[in-house]
$ cat my_file_17.csv   # CSV, C-alpha atoms
chain,number,residue,atom,x,y,z
A,37,MET,CA,0.0,0.0,0.0
A,38,ILE,CA,2.8,2.4,0.9
A,39,ASP,CA,4.6,1.7,-2.4
A,40,SER,CA,1.4,2.4,-4.3
A,41,LEU,CA,0.8,5.7,-2.5
A,42,ASN,CA,4.4,6.8,-3.1
A,43,GLN,CA,4.0,6.0,-6.8
A,44,ILE,CA,0.7,8.0,-7.0
A,45,PHE,CA,2.3,10.9,-5.1
A,46,LEU,CA,5.2,11.0,-7.5
A,47,GLU,CA,3.0,10.8,-10.6
A,48,SER,CA,0.6,13.4,-9.3
A,49,SER,CA,3.1,16.3,-9.0
A,50,SER,CA,6.6,17.1,-10.2
A,51,GLY,CA,7.0,19.3,-7.1
A,52,THR,CA,9.1,22.4,-6.8
A,53,ARG,CA,12.9,22.6,-7.3
A,54,GLU,CA,13.3,23.0,-3.5
A,55,LEU,CA,12.5,19.9,-1.4
A,56,SER,CA,12.6,19.3,2.4
A,57,VAL,CA,13.3,16.0,4.3
A,58,ASP,CA,11.9,15.7,7.8
A,59,GLU,CA,9.9,13.5,10.2
A,60,SER,CA,6.2,13.6,10.8
A,61,MET,CA,4.1,11.9,13.5
A,62,ILE,CA,0.7,10.3,13.0
A,63,LYS,CA,-1.1,10.2,16.3
A,64,PHE,CA,-1.9,6.7,17.5
A,65,LYS,CA,-2.5,5.4,21.1
A,66,GLY,CA,-3.3,1.8,20.4
A,67,ARG,CA,-1.0,-1.2,20.4
A,68,SER,CA,1.6,-1.6,17.7
A,69,THR,CA,5.2,-2.8,17.5
A,70,ILE,CA,6.2,0.2,15.5
A,71,LYS,CA,4.6,2.9,17.6
A,72,GLN,CA,7.1,5.5,18.7
A,73,TYR,CA,7.2,7.7,21.9
A,74,ASN,CA,8.9,11.1,21.9
A,75,PRO,CA,8.0,13.3,24.9
A,76,MET,CA,9.6,16.4,23.3
A,77,LYS,CA,7.1,16.5,20.4
A,78,PRO,CA,3.6,17.9,20.2
A,79,ILE,CA,2.3,14.5,19.1
A,80,LYS,CA,4.0,12.3,21.7
A,81,ARG,CA,2.8,8.8,20.6
A,82,GLY,CA,2.2,7.4,17.2
A,83,TYR,CA,3.7,6.3,13.9
A,84,LYS,CA,6.9,8.1,12.8
A,85,LEU,CA,7.1,8.9,9.1
A,86,TRP,CA,10.1,10.1,7.2
A,87,CYS,CA,8.8,12.5,4.4
A,88,ILE,CA,10.1,14.5,1.5
A,89,ALA,CA,7.9,17.4,0.6
A,90,ASP,CA,8.0,20.3,-1.9
A,91,GLN,CA,7.7,24.1,-1.0
A,92,ASN,CA,3.9,23.8,-1.1
A,93,GLY,CA,3.9,21.1,1.6
A,94,TYR,CA,3.0,18.4,-0.9
A,95,ILE,CA,4.5,15.1,0.3
A,96,MET,CA,6.3,13.5,-2.7
A,97,LYS,CA,7.4,10.3,-0.9
A,98,PHE,CA,7.3,8.9,2.6
A,99,THR,CA,8.4,5.8,4.6
A,100,VAL,CA,7.3,4.5,7.9
A,101,TYR,CA,10.0,4.2,10.6
A,102,GLN,CA,10.0,0.6,11.8
A,103,GLY,CA,12.7,0.8,14.5
A,104,LYS,CA,15.9,-1.1,14.6
A,105,ASN,CA,14.6,-4.1,12.7
A,106,GLU,CA,14.1,-2.0,9.6
A,107,THR,CA,15.2,-3.7,6.3
A,108,LEU,CA,18.0,-1.9,4.5
A,109,GLU,CA,18.5,-1.4,0.8
A,110,LYS,CA,21.9,-2.9,-0.2
A,111,GLU,CA,22.9,0.4,-1.8
A,112,PHE,CA,22.7,2.3,1.5
A,113,GLU,CA,23.8,-0.3,4.1
A,114,ASN,CA,27.0,1.5,5.1
A,115,THR,CA,25.3,4.7,6.1
A,116,ASN,CA,23.8,5.9,9.3
A,117,LEU,CA,20.1,6.2,9.8
A,118,GLY,CA,19.9,9.9,8.9
A,119,GLU,CA,21.9,9.6,5.8
A,120,ARG,CA,20.0,6.5,4.7
A,121,ILE,CA,16.6,8.2,5.1
A,122,VAL,CA,17.7,11.2,3.0
A,123,LEU,CA,19.3,9.0,0.3
A,124,GLN,CA,16.2,6.7,0.0
A,125,LEU,CA,13.8,9.6,-0.1
A,126,THR,CA,15.8,11.7,-2.6
A,127,LYS,CA,16.7,8.9,-5.0
A,128,PRO,CA,13.8,9.6,-7.4
A,129,PHE,CA,15.0,13.2,-7.7
A,130,TRP,CA,18.7,12.6,-8.3
A,131,ASN,CA,20.2,14.2,-11.5
A,132,GLU,CA,17.4,16.8,-11.6
A,133,SER,CA,19.4,19.7,-10.1
A,134,ARG,CA,17.0,19.9,-7.1
A,135,ILE,CA,17.9,21.5,-3.8
A,136,VAL,CA,17.2,19.5,-0.7
A,137,PHE,CA,17.0,21.0,2.8
A,138,PHE,CA,17.1,19.1,6.1
A,139,ASP,CA,17.9,19.6,9.8
A,140,ASN,CA,20.9,18.7,11.9
A,141,TYR,CA,19.6,15.1,12.6
A,142,PHE,CA,20.4,14.2,9.0
A,143,THR,CA,23.3,16.5,8.0
A,144,THR,CA,26.8,14.9,7.6
A,145,PHE,CA,29.6,15.8,5.3
A,146,SER,CA,29.5,12.4,3.6
A,147,LEU,CA,25.8,12.8,2.9
A,148,LEU,CA,26.4,16.2,1.2
A,149,GLU,CA,29.2,14.7,-0.9
A,150,LYS,CA,27.0,11.7,-1.9
A,151,LEU,CA,24.1,14.0,-2.9
A,152,ARG,CA,26.5,16.2,-4.9
A,153,THR,CA,27.8,13.2,-6.9
A,154,GLN,CA,24.1,12.6,-7.9
A,155,GLN,CA,23.7,16.3,-9.1
A,156,THR,CA,21.5,17.1,-6.1
A,157,LEU,CA,22.3,20.2,-4.1
A,158,ALA,CA,21.8,20.1,-0.4
A,159,CYS,CA,21.8,22.4,2.6
A,160,GLY,CA,21.2,21.8,6.3
A,161,THR,CA,21.9,22.8,9.8
A,162,ILE,CA,24.7,20.7,11.2
A,163,ARG,CA,25.8,19.8,14.8
A,164,GLN,CA,29.0,21.4,16.0
A,165,ASN,CA,30.4,18.0,17.0
A,166,ARG,CA,30.0,16.3,13.6
A,167,LYS,CA,33.0,14.6,12.2
A,168,GLY,CA,34.9,16.8,9.8
A,169,MET,CA,33.7,20.2,11.3
A,170,PRO,CA,36.4,22.9,11.1
A,171,GLN,CA,37.8,24.0,14.4
A,172,LYS,CA,39.1,27.4,13.4
A,173,PHE,CA,35.8,29.4,13.5
A,174,LYS,CA,35.7,32.6,15.5
A,175,LYS,CA,34.5,32.2,19.1
A,176,ASP,CA,30.8,32.7,19.7
A,177,SER,CA,31.5,35.9,21.7
A,178,GLU,CA,33.5,37.4,18.8
A,179,ILE,CA,30.6,37.2,16.3
A,180,PRO,CA,28.0,40.0,16.6
A,181,ARG,CA,24.3,39.1,16.4
A,182,GLY,CA,23.3,38.8,12.7
A,183,GLU,CA,26.8,38.2,11.5
A,184,PHE,CA,28.6,35.0,10.4
A,185,ASP,CA,31.9,33.3,9.9
A,186,TYR,CA,32.6,30.6,7.3
A,187,ARG,CA,35.0,28.0,6.0
A,188,PHE,CA,35.1,25.8,3.0
A,189,SER,CA,36.2,22.1,3.2
A,190,THR,CA,38.7,20.7,0.7
A,191,SER,CA,35.8,19.1,-1.1
A,192,GLY,CA,34.0,22.5,-1.6
A,193,ILE,CA,31.4,22.2,1.1
A,194,GLY,CA,30.6,25.6,2.7
A,195,ILE,CA,30.3,25.6,6.5
A,196,PHE,CA,28.7,28.7,8.0
A,197,LYS,CA,28.5,29.8,11.7
A,198,TRP,CA,25.7,32.3,12.0
A,199,LYS,CA,24.7,34.0,15.2
A,200,ASP,CA,21.2,35.0,16.2
A,201,ASN,CA,20.3,34.6,19.8
A,202,LYS,CA,22.3,31.4,19.6
A,203,VAL,CA,24.9,30.1,17.2
A,204,VAL,CA,23.7,28.0,14.3
A,205,HIS,CA,26.0,26.0,12.0
A,206,ILE,CA,25.0,25.4,8.4
A,207,ALA,CA,26.6,23.1,5.9
A,208,SER,CA,25.9,23.5,2.2
A,209,VAL,CA,26.9,22.4,-1.3
A,210,VAL,CA,24.5,25.0,-2.7
A,211,VAL,CA,27.2,27.6,-2.1
A,212,GLN,CA,30.2,26.1,-3.9
A,213,SER,CA,33.8,27.1,-3.6
A,214,ALA,CA,33.4,29.1,-6.8
A,215,ASP,CA,30.9,31.3,-5.0
A,216,ARG,CA,33.4,32.3,-2.3
A,217,HIS,CA,33.8,35.7,-3.9
A,218,LEU,CA,30.1,36.5,-3.2
A,219,VAL,CA,30.6,35.6,0.5
A,220,ASP,CA,33.8,37.6,0.7
A,221,ARG,CA,32.1,40.6,-0.9
A,222,HIS,CA,29.2,40.4,1.6
A,223,LEU,CA,31.8,40.3,4.5
A,224,ALA,CA,33.6,43.3,3.0
A,225,ASP,CA,30.3,45.2,2.7
A,226,THR,CA,29.4,44.5,6.4
A,227,GLN,CA,32.7,45.6,7.8

$ encode --input "my_file_17.csv" --output "structure tokens"
Amino acid sequence: MIDSLNQIFLESSSGTRELSVDESMIKFKGRSTIKQYNPMKPIKRGYKLWCIADQNGYIMKFTVYQGKNETLEKEFENTNLGERIVLQLTKPFWNESRIVFFDNYFTTFSLLEKLRTQQTLACGTIRQNRKGMPQKFKKDSEIPRGEFDYRFSTSGIGIFKWKDNKVVHIASVVVQSADRHLVDRHLADTQ
């Protein structure tokens, strides 16, 4: 049934260029082996879905989280859960020059590199302790509110440290190394 729904969703709309991957909960209080409990969410008990949606909120594809016993596609067996979810959901959109956004649960440098090899741009918030994060950013106290610091990895991934009330880290292959001059120009204009 889920495969049929996903096929219908994909055939019904081509979606927008920008797509978003995230989780969604369907409220359910009955008995089920795949029911999830998360006290930090508005819907605390229910079925967890991983979804990819377009800018209009139209769900293009989804999968139901089945816990640790979930079956893996051979192609993605050497990836962590977050990477695997993004790769499985975005696969129908590879080589279409789409831009995929996701939060820090999913974002890793290896995921961004894998998506780029499939001609899919990606951008997401990233946890400060992720493997491969540069250590030479300005200190949080040195960045005024509304300003940012940035670095580029050797593979061309842009990593930005932006300060609002708190510091947010963003990793992106949307802004490539060739676009550094735009970032440099913005920094020159703000100083």

$ atom_distance --input "my_file_17.csv" --atom1 "atom CA of Trp130 of chain A" --atom2 "atom CA of Asn92 of chain A"
19.9 Å

$ closest_residue --input "my_file_17.csv" --among "A:Phe138, A:Phe98, A:Phe112, A:Tyr186" --to "Gly160 of chain A" --atoms "all atoms listed in the file"
A:Phe138

$ closest_residue --input "my_file_17.csv" --among "A:Lys202, A:Arg134, A:Arg181, A:Lys172" --to "Leu55 of chain A" --atoms "all atoms listed in the file"
A:Arg134

$ closest_residue --input "my_file_17.csv" --among "A:Gly93, A:Arg81, A:Leu123, A:Arg67" --to "Thr153 of chain A" --atoms "all atoms listed in the file"
A:Leu123

$ residues_around --input "my_file_17.csv" --residues "Ile162 of chain A" --least-positions-apart "4" --cutoff "6 Å" --atoms "all atoms listed in the file" --output "ChimeraX atom specification"
/A:140,143,205-206

$ closest_residue --input "my_file_17.csv" --among "A:Pro128, A:Pro75, A:Gly82, A:Gly192" --to "Ile62 of chain A" --atoms "only C-alpha atoms"
A:Gly82

$ closest_residue --input "my_file_17.csv" --among "A:Gly66, A:Gly103, A:Pro170, A:Gly118" --to "Leu147 of chain A" --atoms "all atoms listed in the file"
A:Gly118

$ closest_residue --input "my_file_17.csv" --among "A:Lys71, A:Lys127, A:Arg163, A:Arg152" --to "Ser191 of chain A" --atoms "only C-alpha atoms"
A:Arg152

$ residues_around --input "my_file_17.csv" --residues "Lys197 of chain A" --least-positions-apart "3" --cutoff "12 Å" --atoms "all atoms listed in the file" --output "VMD selection string"
chain A and resid 161 to 164 169 to 176 178 to 188 194 200 202 to 208

$ atom_distance --input "my_file_17.csv" --atom1 "atom CA of Lys199 of chain A" --atom2 "atom CA of Asp139 of chain A"
16.8 Å

$ atom_distance --input "my_file_17.csv" --atom1 "atom CA of Met96 of chain A" --atom2 "atom CA of Met37 of chain A"
15.1 Å

$ residues_around --input "my_file_17.csv" --residues "Arg53 of chain A" --least-positions-apart "3" --cutoff "9 Å" --atoms "only C-alpha atoms" --output "mmCIF file with C-alpha atoms, in the frame of the given file"
data_model
loop_
_atom_site.group_PDB
_atom_site.id
_atom_site.type_symbol
_atom_site.label_atom_id
_atom_site.label_comp_id
_atom_site.auth_asym_id
_atom_site.auth_seq_id
_atom_site.Cartn_x
_atom_site.Cartn_y
_atom_site.Cartn_z
ATOM 1 C CA SER A 50 6.600 17.100 -10.200
ATOM 2 C CA ASP A 90 8.000 20.300 -1.900
ATOM 3 C CA GLN A 91 7.700 24.100 -1.000
ATOM 4 C CA GLU A 132 17.400 16.800 -11.600
ATOM 5 C CA SER A 133 19.400 19.700 -10.100
ATOM 6 C CA ARG A 134 17.000 19.900 -7.100
ATOM 7 C CA ILE A 135 17.900 21.500 -3.800
ATOM 8 C CA VAL A 136 17.200 19.500 -0.700
#

$ residues_near_point --input "my_file_17.csv" --point "(11.6, 16.3, 1.3)" --cutoff "6 Å" --atoms "all atoms listed in the file" --output "compact mmCIF listing (two decimals) with C-alpha atoms, in the coordinates of the input"
# COMPACT_ATOMS: atom_id res chain seq x y z
CA LEU A 55 12.50 19.90 -1.40
CA SER A 56 12.60 19.30 2.40
CA VAL A 57 13.30 16.00 4.30
CA CYS A 87 8.80 12.50 4.40
CA ILE A 88 10.10 14.50 1.50
CA ALA A 89 7.90 17.40 0.60

$ residues_around --input "my_file_17.csv" --residues "Lys84 of chain A" --least-positions-apart "6" --cutoff "6 Å" --atoms "all atoms listed in the file" --output "PyMOL selection string"
chain A and resi 60-61+101

$ decode --input "my_file_17.csv" --residues "segment 64-99 of chain A" --atoms "N, CA and C atoms" --output "short mmCIF file (atom, residue, chain, number, x, y, z; two decimals), in the first residue's frame"
data_model
loop_
_atom_site.label_atom_id
_atom_site.label_comp_id
_atom_site.auth_asym_id
_atom_site.auth_seq_id
_atom_site.Cartn_x
_atom_site.Cartn_y
_atom_site.Cartn_z
N PHE A 64 -1.32 8.01 17.32
CA PHE A 64 -1.88 6.68 17.51
C PHE A 64 -1.60 6.24 18.93
N LYS A 65 -2.64 5.84 19.66
CA LYS A 65 -2.46 5.44 21.06
C LYS A 65 -2.71 3.96 21.28
N GLY A 66 -3.05 3.23 20.23
CA GLY A 66 -3.31 1.79 20.36
C GLY A 66 -2.02 1.00 20.48
N ARG A 67 -2.15 -0.31 20.34
CA ARG A 67 -0.99 -1.20 20.43
C ARG A 67 -0.40 -1.43 19.05
N SER A 68 0.91 -1.31 18.98
CA SER A 68 1.62 -1.55 17.73
C SER A 68 3.10 -1.71 18.04
N THR A 69 3.75 -2.59 17.32
CA THR A 69 5.18 -2.80 17.55
C THR A 69 6.02 -1.67 16.97
N ILE A 70 5.46 -0.87 16.07
CA ILE A 70 6.25 0.21 15.47
C ILE A 70 5.83 1.59 15.98
N LYS A 71 4.98 1.63 16.99
CA LYS A 71 4.58 2.91 17.59
C LYS A 71 5.79 3.52 18.29
N GLN A 72 5.97 4.81 18.15
CA GLN A 72 7.10 5.53 18.74
C GLN A 72 6.60 6.45 19.85
N TYR A 73 7.48 6.74 20.79
CA TYR A 73 7.18 7.68 21.87
C TYR A 73 8.28 8.73 21.92
N ASN A 74 7.90 9.99 21.81
CA ASN A 74 8.85 11.09 21.91
C ASN A 74 8.23 12.19 22.76
N PRO A 75 8.63 12.32 24.03
CA PRO A 75 8.00 13.29 24.93
C PRO A 75 8.27 14.75 24.55
N MET A 76 9.23 14.99 23.66
CA MET A 76 9.60 16.36 23.29
C MET A 76 8.78 16.91 22.12
N LYS A 77 7.91 16.11 21.54
CA LYS A 77 7.13 16.52 20.37
C LYS A 77 5.69 16.81 20.74
N PRO A 78 5.00 17.64 19.94
CA PRO A 78 3.58 17.92 20.21
C PRO A 78 2.72 16.65 20.16
N ILE A 79 2.99 15.76 19.19
CA ILE A 79 2.33 14.45 19.15
C ILE A 79 3.34 13.48 19.76
N LYS A 80 3.05 13.03 20.98
CA LYS A 80 4.03 12.26 21.73
C LYS A 80 4.06 10.77 21.36
N ARG A 81 2.91 10.20 20.97
CA ARG A 81 2.83 8.78 20.64
C ARG A 81 2.21 8.61 19.26
N GLY A 82 2.79 7.71 18.50
CA GLY A 82 2.22 7.44 17.19
C GLY A 82 3.23 6.82 16.24
N TYR A 83 2.87 6.85 14.98
CA TYR A 83 3.74 6.33 13.93
C TYR A 83 4.63 7.45 13.41
N LYS A 84 5.92 7.15 13.31
CA LYS A 84 6.87 8.14 12.78
C LYS A 84 7.04 7.89 11.29
N LEU A 85 6.86 8.95 10.52
CA LEU A 85 7.07 8.89 9.08
C LEU A 85 8.27 9.75 8.73
N TRP A 86 9.06 9.31 7.77
CA TRP A 86 10.10 10.14 7.16
C TRP A 86 9.51 10.60 5.84
N CYS A 87 9.51 11.92 5.59
CA CYS A 87 8.84 12.48 4.41
C CYS A 87 9.77 13.39 3.63
N ILE A 88 9.52 13.47 2.34
CA ILE A 88 10.14 14.50 1.51
C ILE A 88 8.98 15.27 0.88
N ALA A 89 9.02 16.58 1.04
CA ALA A 89 7.92 17.43 0.58
C ALA A 89 8.47 18.59 -0.23
N ASP A 90 7.61 19.17 -1.08
CA ASP A 90 8.02 20.34 -1.86
C ASP A 90 7.71 21.62 -1.07
N GLN A 91 7.96 22.77 -1.68
CA GLN A 91 7.75 24.06 -1.01
C GLN A 91 6.29 24.29 -0.64
N ASN A 92 5.38 23.66 -1.34
CA ASN A 92 3.95 23.84 -1.06
C ASN A 92 3.44 22.90 0.02
N GLY A 93 4.32 22.07 0.57
CA GLY A 93 3.92 21.12 1.60
C GLY A 93 3.40 19.81 1.07
N TYR A 94 3.44 19.62 -0.25
CA TYR A 94 2.96 18.37 -0.86
C TYR A 94 3.99 17.27 -0.62
N ILE A 95 3.58 16.19 0.02
CA ILE A 95 4.48 15.08 0.29
C ILE A 95 4.69 14.29 -1.00
N MET A 96 5.94 14.22 -1.42
CA MET A 96 6.30 13.54 -2.66
C MET A 96 6.55 12.04 -2.43
N LYS A 97 7.05 11.70 -1.24
CA LYS A 97 7.37 10.32 -0.92
C LYS A 97 7.51 10.22 0.59
N PHE A 98 7.17 9.06 1.16
CA PHE A 98 7.33 8.86 2.59
C PHE A 98 7.66 7.41 2.88
N THR A 99 8.17 7.18 4.08
CA THR A 99 8.42 5.83 4.55
C THR A 99 8.10 5.80 6.04
#
